[in-house]
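The next block holds one structure in the form of structure tokens; read it before the comments.
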2 protein chains.
Amino acid sequence: MVDDEKPMSLTRAERRRRSEASILGAARELLAERGFERTTIRGVAERAGVDPALVMQHFGTKDDLFAAAATWSVPIHGLLGAGREDLPHAAIEHVLDAFEDPELRGTAEAVLRSCLTHPAAGTIVREQVLGSAQAAVATTIGGPDAELRAALLNACTLGLSIARYLLAVPALADVDRADLERVLGPALQALVDPT
Amino acid sequence: MVDDEKPMSLTRAERRRRSEASILGAARELLAERGFERTTIRGVAERAGVDPALVMQHFGTKDDLFAAAATWSVPIHGLLGAGREDLPHAAIEHVLDAFEDPELRGTAEAVLRSCLTHPAAGTIVREQVLGSAQAAVATTIGGPDAELRAALLNACTLGLSIARYLLAVPALADVDRADLERVLGPALQALVDPT
DNA sequence: GTCTATATCTTGATAGAC
DNA sequence: GTCTATCAAGATATAGAC
């Protein structure tokens with residue numbers, strides 16, 4: 001019982017870890033490009049360079065694979081640390097950082113791409129992504145309309161993310177950070193300041 | 001050749017017109033609820049109360065059915081007639097009207113629901129919905145950033161539509177028109193006014 | 001014009017050899 | 001641990017009877 005570990009166990013665990021990581025990466029790419037419905041187990045396996053059956057062996061079902069690939073832990077510390085004057089700036093940075101970091105962008109796109117058609121993805125966006133940011137922002141805004149203002153702030157940044165990165169609207173996809181902040185900043189400021 | 005019209009032709013044409021309309025209505029409903037991939041010909045036929053083969057007979061392919069059901073002629077005259085001070089108000093009315101008219105809402109949701117996963121729907125939103133509104137708004141905005149400001153105005157209203165009507169974010173789905181305009185209006189005004 | 005029957009393909013998932 | 005072979009279900013689309 002004690003010494004039944006085989007000498008190859010490290011290699012076995014290592015191989016498993018690697019194939020799991022490559023499967024997860026391939027799944028994220030395809031989910032980001034095509035969404036949940038058009039992403040197939042076979043397609044994921046092919047891009048990962050493994051056998052289709054191996055994907056099922058590791059993750060059980062397609063939904064479980066999605067859940068594993070689309071786990072998006074939103075870093076809201078940037079929003080929490082901001083005062084009311086910094087909030088627009090922080091919010092814009094928040095989304096631009098997520099989509100310009102190659103690591104984060106995959107999962108962010110994977111979740112957003114399917115959020116209108118896949119119930120699980122919709123719940124993630126509604127409750128985790130928008131929900132946590134809304135709660136973090138509402139307290140620093142304050143006032144009677146705090147929740148509404150926070151929700152609208154989120155809606156605008158969500159619209160920007162979708163239009164710029166997922167739909168690739170020309171006028172938004174091409175513009176650089178500085179112009180974006182310069183033009184959008186005052187608008188979000190008006191949203192945050194209760195007049 | 002001249003008199004080969006049958007006496008029943010009116011009935012036949014009428015029946016065809018009716019079944020086509022009911023198929024189109026059922027397709028719009030399901031497309032709005034589930035999106036393109038999860039909408040099946042069988043499901044459309046069942047909801048319309050007709051035979052699945054009849055759907056194909058009328059529309060040829062599933063993509064053609066989508067094209068017919070998701071033809072969204074955006075009424076931008078409200079945006080064209082507005083001056084710079086009225087633009088935020090007109091823009092908000094523009095989206096709220098579309099989603100609160102039961103007739104328009106179906107097609108609007110059908111297009112938006114699939115715009116991230118179905119290429120044709122994405123093109124419609126990018127070029128027709130956002131494109132036409134952007135062109136209409138950019139000229140009244142004027143200045144060097146006109147296109148960018150118009151695109152951002154569109155992105156914000158798109159985000160509002162998605163969050164409120166498709167994702168049903170609580171804080172946005174429950175609020176009424178007046179509050180929405182009161183809070184969002186000044187923000188969009190700041191977006192429109194070049195400072 | 002409408003429906004029955006079916007062809008053809010693709011999907012997610014499983015069983016078992018090695 | 002990995003792959004071959006395959007199942008069962010569901011999809012679009014078509015052919016032909018009525």
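Ordering of the structure tokens sets the chain letters (A, B, ...); residue numbers start at 1 within each chain; ligands are numbered from 1 in the order shown.
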
With 10 Å as the cut-off and only C-alpha atoms (C1' of nucleotides) counted, what is the closest atom pair between each nearby residue of chain D and stretch 2-9 of chain C? Distances in Å to one decimal, ordered by chain and number, as a Markdown table.
| residue | atom | partner | partner_atom | distance |
| --- | --- | --- | --- | --- |
| D:DA11 | C1' | C:DC9 | C1' | 8.2 |
| D:DT12 | C1' | C:DC9 | C1' | 8.6 |
| D:DA13 | C1' | C:DT8 | C1' | 8.7 |
| D:DT14 | C1' | C:DA7 | C1' | 7.7 |
| D:DA15 | C1' | C:DT6 | C1' | 8.7 |
| D:DG16 | C1' | C:DA5 | C1' | 9.2 |
| D:DA17 | C1' | C:DT4 | C1' | 8.0 |
| D:DC18 | C1' | C:DC3 | C1' | 8.6 |

Would you tabulate, counting only C-alpha atoms, all residues of stretch 71-176 of chain A that have an atom at most 9 Å from an atom of stretch 126-135 of chain B, showing the closest pair of atoms and their distance in Å to one decimal, sorted by chain then ascending number, as JSON lines?
{"residue": "A:Ala163", "atom": "CA", "partner": "B:Arg126", "partner_atom": "CA", "distance": 8.1}
{"residue": "A:Leu167", "atom": "CA", "partner": "B:Arg126", "partner_atom": "CA", "distance": 6.6}
{"residue": "A:Ala168", "atom": "CA", "partner": "B:Arg126", "partner_atom": "CA", "distance": 7.9}
{"residue": "A:Val169", "atom": "CA", "partner": "B:Arg126", "partner_atom": "CA", "distance": 6.0}
{"residue": "A:Pro170", "atom": "CA", "partner": "B:Arg126", "partner_atom": "CA", "distance": 8.7}

When DSSP is applied to the backbone of this structure, which of stretch 78-146 of chain B are assigned alpha helix (DSSP H)? Write them out as JSON, numbers by chain. {"B": [78, 79, 80, 87, 88, 89, 90, 91, 92, 93, 94, 95, 96, 97, 98, 99, 100, 102, 103, 104, 105, 106, 107, 108, 109, 110, 111, 112, 113, 114, 119, 120, 121, 122, 123, 130, 131, 132, 133, 134, 135, 136, 137, 138, 139, 140, 141, 146]}

Neighbours of D:DC7 within 10 Å (only C-alpha atoms (C1' of nucleotides); same-chain residues fewer than 6 positions away dropped), as a CSV table (one decimal) with N, CA, C and O atoms (P, O5', C5', C4', C3', O3' and C1' of nucleotides), in the first residue's frame?
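Generated file (part-v5.csv):
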chain,number,residue,atom,x,y,z
C,13,DA,P,-21.2,15.3,-23.8
C,13,DA,O5',-21.1,13.7,-23.9
C,13,DA,C5',-22.3,12.9,-24.0
C,13,DA,C4',-21.9,11.5,-24.2
C,13,DA,C3',-20.9,10.9,-23.2
C,13,DA,O3',-21.6,9.9,-22.4
C,13,DA,C1',-20.4,10.2,-25.5
C,14,DT,P,-20.8,9.1,-21.3
C,14,DT,O5',-20.4,7.7,-22.0
C,14,DT,C5',-21.4,7.1,-22.8
C,14,DT,C4',-20.9,5.8,-23.3
C,14,DT,C3',-20.0,5.0,-22.3
C,14,DT,O3',-20.4,3.6,-22.4
C,14,DT,C1',-18.9,5.2,-24.4
C,15,DA,P,-20.0,2.6,-21.2
C,15,DA,O5',-19.5,1.4,-22.0
C,15,DA,C5',-19.9,1.1,-23.3
C,15,DA,C4',-19.0,0.2,-24.0
C,15,DA,C3',-18.1,-0.7,-23.1
C,15,DA,O3',-18.0,-2.0,-23.6
C,15,DA,C1',-16.7,0.6,-24.5

Item to check | Within 8 Å of chain D: residues of chain A, using only C-alpha atoms (C1' of nucleotides), as a list in words | outcome: Arg12, Asp51, Ala53 and Leu54 of chain A

Generate a file of the selected residues that holds C-alpha atoms, formatted as a CSV table (one decimal), in the first residue's frame.
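So the final result, stored in out22.csv, reads:
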chain,number,residue,atom,x,y,z
A,12,ARG,CA,2.6,10.2,-16.0
A,51,ASP,CA,-7.3,12.3,-29.5
A,53,ALA,CA,-11.6,10.6,-26.6
A,54,LEU,CA,-8.8,12.1,-24.4

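Near B:Pro75, within 12 Å and counting only C-alpha atoms (C1' of nucleotides), sit Leu79, Leu80, Gly81, Ala90, Ala91, Glu93, His94, Val95, Asp97, Ala98, Leu104, Ala108, Gln128, Val129, Leu130, Ser132, Ala133 and Ala136 of chain B, not including residues fewer than 4 positions from it in the same chain.
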
Keeping only N, CA, C and O atoms, write those residues as a PDB file, in the first residue's frame.
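So the final result, stored in out03.pdb, reads:
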ATOM      1  N   LEU B  79     -32.941  59.902 -35.294  1.00  0.00           N
ATOM      2  CA  LEU B  79     -31.581  60.364 -35.052  1.00  0.00           C
ATOM      3  C   LEU B  79     -31.192  61.473 -36.019  1.00  0.00           C
ATOM      4  O   LEU B  79     -30.494  62.423 -35.660  1.00  0.00           O
ATOM      5  N   LEU B  80     -31.678  61.359 -37.259  1.00  0.00           N
ATOM      6  CA  LEU B  80     -31.317  62.345 -38.270  1.00  0.00           C
ATOM      7  C   LEU B  80     -31.921  63.718 -37.969  1.00  0.00           C
ATOM      8  O   LEU B  80     -31.312  64.743 -38.235  1.00  0.00           O
ATOM      9  N   GLY B  81     -33.124  63.704 -37.401  1.00  0.00           N
ATOM     10  CA  GLY B  81     -33.803  64.974 -37.158  1.00  0.00           C
ATOM     11  C   GLY B  81     -33.339  65.705 -35.924  1.00  0.00           C
ATOM     12  O   GLY B  81     -33.779  66.829 -35.667  1.00  0.00           O
ATOM     13  N   ALA B  90     -32.632  61.453 -28.179  1.00  0.00           N
ATOM     14  CA  ALA B  90     -33.081  60.707 -29.352  1.00  0.00           C
ATOM     15  C   ALA B  90     -32.472  59.311 -29.375  1.00  0.00           C
ATOM     16  O   ALA B  90     -33.148  58.337 -29.736  1.00  0.00           O
ATOM     17  N   ALA B  91     -31.213  59.199 -28.992  1.00  0.00           N
ATOM     18  CA  ALA B  91     -30.548  57.904 -29.017  1.00  0.00           C
ATOM     19  C   ALA B  91     -31.190  56.935 -28.019  1.00  0.00           C
ATOM     20  O   ALA B  91     -31.416  55.760 -28.322  1.00  0.00           O
ATOM     21  N   GLU B  93     -34.265  57.144 -26.769  1.00  0.00           N
ATOM     22  CA  GLU B  93     -35.596  56.816 -27.289  1.00  0.00           C
ATOM     23  C   GLU B  93     -35.498  55.769 -28.381  1.00  0.00           C
ATOM     24  O   GLU B  93     -36.330  54.857 -28.472  1.00  0.00           O
ATOM     25  N   HIS B  94     -34.476  55.933 -29.183  1.00  0.00           N
ATOM     26  CA  HIS B  94     -34.273  55.052 -30.336  1.00  0.00           C
ATOM     27  C   HIS B  94     -34.216  53.591 -29.925  1.00  0.00           C
ATOM     28  O   HIS B  94     -34.868  52.727 -30.523  1.00  0.00           O
ATOM     29  N   VAL B  95     -33.447  53.286 -28.875  1.00  0.00           N
ATOM     30  CA  VAL B  95     -33.321  51.883 -28.467  1.00  0.00           C
ATOM     31  C   VAL B  95     -34.532  51.445 -27.640  1.00  0.00           C
ATOM     32  O   VAL B  95     -35.023  50.320 -27.797  1.00  0.00           O
ATOM     33  N   ASP B  97     -37.596  52.493 -27.814  1.00  0.00           N
ATOM     34  CA  ASP B  97     -38.729  52.274 -28.710  1.00  0.00           C
ATOM     35  C   ASP B  97     -38.630  50.923 -29.409  1.00  0.00           C
ATOM     36  O   ASP B  97     -39.613  50.188 -29.519  1.00  0.00           O
ATOM     37  N   ALA B  98     -37.424  50.615 -29.888  1.00  0.00           N
ATOM     38  CA  ALA B  98     -37.248  49.365 -30.621  1.00  0.00           C
ATOM     39  C   ALA B  98     -37.586  48.168 -29.751  1.00  0.00           C
ATOM     40  O   ALA B  98     -38.183  47.196 -30.220  1.00  0.00           O
ATOM     41  N   LEU B 104     -41.231  45.275 -33.197  1.00  0.00           N
ATOM     42  CA  LEU B 104     -39.808  45.455 -33.469  1.00  0.00           C
ATOM     43  C   LEU B 104     -38.930  44.607 -32.566  1.00  0.00           C
ATOM     44  O   LEU B 104     -37.870  44.148 -32.962  1.00  0.00           O
ATOM     45  N   ALA B 108     -35.333  42.675 -33.355  1.00  0.00           N
ATOM     46  CA  ALA B 108     -34.148  43.246 -32.714  1.00  0.00           C
ATOM     47  C   ALA B 108     -33.439  42.207 -31.845  1.00  0.00           C
ATOM     48  O   ALA B 108     -32.220  42.043 -31.914  1.00  0.00           O
ATOM     49  N   GLN B 128     -25.146  47.441 -40.625  1.00  0.00           N
ATOM     50  CA  GLN B 128     -26.449  48.102 -40.756  1.00  0.00           C
ATOM     51  C   GLN B 128     -26.842  48.855 -39.489  1.00  0.00           C
ATOM     52  O   GLN B 128     -27.025  50.066 -39.490  1.00  0.00           O
ATOM     53  N   VAL B 129     -26.963  48.122 -38.388  1.00  0.00           N
ATOM     54  CA  VAL B 129     -27.483  48.740 -37.168  1.00  0.00           C
ATOM     55  C   VAL B 129     -26.551  49.825 -36.651  1.00  0.00           C
ATOM     56  O   VAL B 129     -26.920  50.993 -36.557  1.00  0.00           O
ATOM     57  N   LEU B 130     -25.309  49.427 -36.342  1.00  0.00           N
ATOM     58  CA  LEU B 130     -24.372  50.412 -35.811  1.00  0.00           C
ATOM     59  C   LEU B 130     -23.898  51.358 -36.910  1.00  0.00           C
ATOM     60  O   LEU B 130     -23.765  52.561 -36.686  1.00  0.00           O
ATOM     61  N   SER B 132     -25.283  52.489 -39.795  1.00  0.00           N
ATOM     62  CA  SER B 132     -26.174  53.556 -40.249  1.00  0.00           C
ATOM     63  C   SER B 132     -26.372  54.610 -39.165  1.00  0.00           C
ATOM     64  O   SER B 132     -26.396  55.806 -39.450  1.00  0.00           O
ATOM     65  N   ALA B 133     -26.505  54.144 -37.924  1.00  0.00           N
ATOM     66  CA  ALA B 133     -26.670  55.103 -36.837  1.00  0.00           C
ATOM     67  C   ALA B 133     -25.417  55.953 -36.678  1.00  0.00           C
ATOM     68  O   ALA B 133     -25.497  57.165 -36.439  1.00  0.00           O
ATOM     69  N   ALA B 136     -25.325  58.570 -39.328  1.00  0.00           N
ATOM     70  CA  ALA B 136     -26.329  59.609 -39.101  1.00  0.00           C
ATOM     71  C   ALA B 136     -25.914  60.556 -37.986  1.00  0.00           C
ATOM     72  O   ALA B 136     -26.172  61.763 -38.042  1.00  0.00           O
TER      73      ALA B 136
END

Item to complete: Enumerate as a PyMOL selection string the residues belonging to chain A that approach chain B to within 8 Å, with only C-alpha atoms taken into account.
Response: chain A and resi 34-35+37-38+113-114+116-117+122+126+147-149+151-152+155-160+162-163+166-169+171-172+183-184+186-191

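For the atom pair formed by atom CA of A:Asp176 and atom CA of B:Ala138, the distance is 19.1 Å, given to one decimal.
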
How close does each residue of chain A get to chain C, giving the shortest atom pair and distance in Å to one decimal for every residue with an atom at most 12 Å away, counting only C-alpha atoms (C1' of nucleotides), sorted by chain and residue number, as a tab-separated table?
residue	atom	partner	partner_atom	distance
A:Glu37	CA	C:DT11	C1'	10.5
A:Arg38	CA	C:DT11	C1'	10.5
A:Thr39	CA	C:DT11	C1'	10.6
A:Thr40	CA	C:DT11	C1'	7.9
A:Ile41	CA	C:DG12	C1'	7.8
A:Arg42	CA	C:DT11	C1'	9.4
A:Gly43	CA	C:DT11	C1'	11.5
A:Pro52	CA	C:DG12	C1'	10.6
A:Ala53	CA	C:DA13	C1'	8.9
A:Leu54	CA	C:DA13	C1'	11.8
A:Val55	CA	C:DA13	C1'	11.0
A:Met56	CA	C:DA13	C1'	8.0
A:Gln57	CA	C:DA13	C1'	10.3
A:Phe59	CA	C:DA13	C1'	11.9
A:Gly60	CA	C:DA13	C1'	9.0
A:Thr61	CA	C:DG12	C1'	8.0
A:Lys62	CA	C:DG12	C1'	7.7
A:Asp63	CA	C:DG12	C1'	10.6

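The coordinates place atom CA of A:Val74 at 29.2 Å from atom CA of B:Ala110.
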